[in-house]
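Step one of this worksheet: look at the structure below.
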Amino acid sequence: MNPLRPLILAAAGNDTIRQAVATLPGGRTLVSRFVAGETTADAVRTVRELAGDGLHATLDYLGEDTHDKDQAEVTVLAYLELLDALHGAGLSDRAEVSVKLSAVGQLLSDRLALDNAWRICAAAEQCGTTLTLDMEDHRTTTGTLDVLEELRHTWPSAGAVLQSYLHRTERDARKLATAGSRVRLCKGAYAEPAEVAFGDGHDVDLSYVRCANALLEGGAYPMFATHDPRLVELVGERARWYGRQPGEFEYQMLYGIRPDEQRRLAEAGHVVRVYVPYGEQWYGYLMRRLAERPANTAFFLHALVSR
Ligand code: FAD
């Protein structure tokens, strides 16, 4: 694990550091490595480029943790505009959307978050695509899975995310492992306390494989979100063992991370979906990516001071 992870995650909430990243010489280059741009047009252009490489996308309009109803509405409208633009560009079959409930009102009320997620689901279906609810810190897990359950009564293709670092996740994976249930499995990106999460990377990996087995065995459509070469190999083997063909599960990776591997897997016939963040609120997202890896921290410091 990156020894600077706690420090960087703490800086994710610091506005002075955000200003510095935005204004220092290499800041823009750094942001553009991981973030597709600020506008709907940037997002659509990126989906088109990825599609040219045989890749799919899931789009995240950046922003989270809003306490402001108007800001939640801005986020919903951004997704509606995006879905419309994707449809207009003939790219709906290439892209779905990823939504953080905290960006659409979860901190104000579960009801508001559900209503807003509902509107995005409805627009997505009209455009021939769907939505996945991102998973945030462990205090929101139950609430997010409850919203998912409500959505799925009407929009069965709505997807969820499970984080293998949480002790509870194997149980959640068994519950969500029903035919066709779309579940993204990731390790988890938040700083979580030892009471709820595995602290050791090996335990997180073992949990990842147990959850993958549960999803495959129960007939879910697993979306394996990891850049970890060992896990990519392992879940591929597990999928084959369960008789899954390419297309009956997918790999997911983040925009800007291991792009060669993304293309290699797609060329081998797999569905590969790239998580594409865009929008003006890129700072918290960028900080979580930097916290994941010492090499990224070095890259960050170098980029900030170079032109
Ligand atoms: P790691 O053990 O972090 O990395 C394994 C290897 O992958 C590294 O050695 C390196 O070679 C490569 N690598 C990993 N990260 C980077 C990086 N930042 N830069 C360069 N190389 C890297 N987390 C949530 O909590 N909620 C979500 O909803 C969520 N959605 C996600 C969606 C997608 C599509 C993906 C790919 C991740 C998502 N995550 C989410 C983040 C996830 O939980 C992890 O924090 C992140 O993917 C890093 O874990 P890893 O499995 O790649 O393995």
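Each chain in the structure tokens gets a letter, A, B, ..., in the order shown, and its residues are numbered from 1; ligands are numbered from 1 in order too.
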* So which residues of range 14-132 of chain A fall under helix (DSSP H, G or I) by DSSP, listed as a PyMOL selection string? -> chain A and resi 15-23+27-34+40-52+69-88+101-103+110-126
* **All strand (DSSP E or B) residues (DSSP, backbone) inside range 36-161 of chain A, as a list in words** => His56, Ala57, Thr58, Leu59, Asp60, Tyr61, Ala95, Glu96, Val97, Ser98, Val99, Leu131, Thr132, Leu133, Gly159, Ala160 and Val161 of chain A
* To do: May I have the residues within 7 Å of ligand 1, computed using only C-alpha atoms and all ligand atoms, as JSON, numbers by chain?
  => {"A": [134, 135, 136, 137, 161, 163, 186, 187, 188, 189, 190, 225, 226, 227, 228, 229, 252, 253, 254, 257, 258, 274, 275, 289, 290, 292, 293, 296]}
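Computed from the coordinates, the CA of Gln245 in chain A to CA of Thr169 in chain A distance equals 25.3 Å.
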Considering only C-alpha atoms, give me a table of residues in range 59-169 of chain A that are at most 9 Å from range 191-196 of chain A, with the closest atom pair and distance in Å for each, as JSON lines.
```
{"residue": "A:Asp137", "atom": "CA", "partner": "A:Glu192", "partner_atom": "CA", "distance": 7.3}
{"residue": "A:His138", "atom": "CA", "partner": "A:Glu192", "partner_atom": "CA", "distance": 7.3}
{"residue": "A:Tyr165", "atom": "CA", "partner": "A:Val196", "partner_atom": "CA", "distance": 8.4}
{"residue": "A:Leu166", "atom": "CA", "partner": "A:Val196", "partner_atom": "CA", "distance": 5.8}
{"residue": "A:His167", "atom": "CA", "partner": "A:Val196", "partner_atom": "CA", "distance": 5.8}
{"residue": "A:Arg168", "atom": "CA", "partner": "A:Val196", "partner_atom": "CA", "distance": 7.6}
```
* To do: Tell me, as a list in words, which residues lie within 12 Å of Ala78 in chain A, counting only C-alpha atoms; anything in the same chain fewer than 6 positions away does not count.
  =>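 Once the nearby chain positions are removed, what remains is Glu38, Thr39, Thr40, Ala41, Ala43, Leu59, Asp60, Tyr61, Leu62, Gly63, Gln71, Ala72, Asp84, Ala85, Val97, Val99, Ala103, Val104, Asn116, Arg119, Ile120, Ala123, Tyr278, Gly279 and Glu280 of chain A.
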Take the residues just selected and output them with C-alpha atoms as a PDB file, in the first residue's frame.
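Okay, this is what ended up in result11.pdb:
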```pdb
ATOM      1  CA  GLU A  38     -14.991  19.204 -18.217  1.00  0.00           C
ATOM      2  CA  THR A  39     -17.902  19.181 -20.662  1.00  0.00           C
ATOM      3  CA  THR A  40     -20.514  16.833 -22.142  1.00  0.00           C
ATOM      4  CA  ALA A  41     -18.797  17.241 -25.519  1.00  0.00           C
ATOM      5  CA  ALA A  43     -17.216  13.020 -22.531  1.00  0.00           C
ATOM      6  CA  LEU A  59     -19.321   7.866 -17.566  1.00  0.00           C
ATOM      7  CA  ASP A  60     -19.058   9.595 -14.213  1.00  0.00           C
ATOM      8  CA  TYR A  61     -20.092  13.244 -13.960  1.00  0.00           C
ATOM      9  CA  LEU A  62     -17.692  14.250 -11.201  1.00  0.00           C
ATOM     10  CA  GLY A  63     -18.984  15.479  -7.874  1.00  0.00           C
ATOM     11  CA  GLN A  71     -26.317  21.122  -6.740  1.00  0.00           C
ATOM     12  CA  ALA A  72     -27.910  17.643  -6.774  1.00  0.00           C
ATOM     13  CA  ASP A  84     -29.222  12.684 -24.766  1.00  0.00           C
ATOM     14  CA  ALA A  85     -25.898  13.587 -26.376  1.00  0.00           C
ATOM     15  CA  VAL A  97     -23.462   6.014 -16.702  1.00  0.00           C
ATOM     16  CA  VAL A  99     -23.765   7.664 -10.501  1.00  0.00           C
ATOM     17  CA  ALA A 103     -23.893  13.591  -5.676  1.00  0.00           C
ATOM     18  CA  VAL A 104     -27.661  13.404  -6.229  1.00  0.00           C
ATOM     19  CA  ASN A 116     -33.015  11.458  -8.719  1.00  0.00           C
ATOM     20  CA  ARG A 119     -34.942   9.978 -13.273  1.00  0.00           C
ATOM     21  CA  ILE A 120     -31.494   9.046 -14.566  1.00  0.00           C
ATOM     22  CA  ALA A 123     -33.583   8.628 -19.256  1.00  0.00           C
ATOM     23  CA  TYR A 278     -15.483  14.199 -16.524  1.00  0.00           C
ATOM     24  CA  GLY A 279     -16.669  17.544 -15.165  1.00  0.00           C
ATOM     25  CA  GLU A 280     -15.297  20.442 -13.188  1.00  0.00           C
TER      26      GLU A 280
END
```
* To do: For range 144-159 of chain A, work out the shell of residues within 7 Å, counting only C-alpha atoms and skipping chain neighbours fewer than 5 positions away, then give it as a PyMOL selection string.
  => chain A and resi 114+118+121+130-133+182-183
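Atom to atom, CA of Pro222 in chain A and CA of Gly143 in chain A stand 21.3 Å apart.
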* To do: Please measure the separation of CA of Ser181 in chain A and CA of Gly219 in chain A, giving the value in Å to one decimal.
  =>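 We find that CA of Ser181 in chain A and CA of Gly219 in chain A lie 7.7 Å from each other.
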* **Shell of 9 Å around Arg174 in chain A, only C-alpha atoms, local chain residues under 5 positions omitted, as an MDAnalysis selection string** => chainID A and resid 169 211 214:215 218
* Which residue out of A:His67, A:Arg48, A:Arg240, A:Arg264 has the minimum interatomic distance to Leu108 in chain A when only C-alpha atoms are used? -> A:His67
* Asked: Excluding same-chain residues fewer than 3 positions from Glu64 in chain A, what lies within 9 Å of it counting only C-alpha atoms, as a list in words?
  ->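 That gives Lys100, Leu101, Ser102, Ala103, Val104, Gln281 and Gly284 of chain A.
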Writing out the chosen residues with N, CA and C atoms as a PDB file, in the first residue's frame:
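Output below, filename selection.pdb:
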```pdb
ATOM      1  N   LYS A 100     -22.925   8.503  -8.382  1.00  0.00           N
ATOM      2  CA  LYS A 100     -22.710   8.465  -6.929  1.00  0.00           C
ATOM      3  C   LYS A 100     -23.952   9.042  -6.260  1.00  0.00           C
ATOM      4  N   LEU A 101     -24.589   8.261  -5.385  1.00  0.00           N
ATOM      5  CA  LEU A 101     -25.810   8.766  -4.756  1.00  0.00           C
ATOM      6  C   LEU A 101     -25.536  10.015  -3.930  1.00  0.00           C
ATOM      7  N   SER A 102     -24.325  10.159  -3.380  1.00  0.00           N
ATOM      8  CA  SER A 102     -24.034  11.365  -2.587  1.00  0.00           C
ATOM      9  C   SER A 102     -24.000  12.621  -3.457  1.00  0.00           C
ATOM     10  N   ALA A 103     -23.881  12.429  -4.769  1.00  0.00           N
ATOM     11  CA  ALA A 103     -23.893  13.591  -5.676  1.00  0.00           C
ATOM     12  C   ALA A 103     -25.314  13.991  -6.062  1.00  0.00           C
ATOM     13  N   VAL A 104     -26.279  13.083  -5.835  1.00  0.00           N
ATOM     14  CA  VAL A 104     -27.661  13.404  -6.229  1.00  0.00           C
ATOM     15  C   VAL A 104     -28.594  13.488  -5.024  1.00  0.00           C
ATOM     16  N   GLN A 281     -15.522  19.060 -11.191  1.00  0.00           N
ATOM     17  CA  GLN A 281     -15.137  18.689  -9.825  1.00  0.00           C
ATOM     18  C   GLN A 281     -14.242  17.448  -9.799  1.00  0.00           C
ATOM     19  N   GLY A 284     -11.343  15.495  -5.844  1.00  0.00           N
ATOM     20  CA  GLY A 284     -11.438  14.342  -4.936  1.00  0.00           C
ATOM     21  C   GLY A 284     -11.106  13.044  -5.669  1.00  0.00           C
TER      22      GLY A 284
END
```
* From the set A:Arg238, A:Arg184, A:Lys69, A:Arg171, which residue has the shortest atom-to-atom contact distance to Leu112 in chain A, counting only C-alpha atoms? ->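 Of the candidates, the smallest distance to Leu112 in chain A is held by A:Lys69.
Using only C-alpha atoms, the smallest distance between any of A:Thr58, A:Ala89, A:Val204, A:Leu83 and Glu170 in chain A comes from A:Val204.
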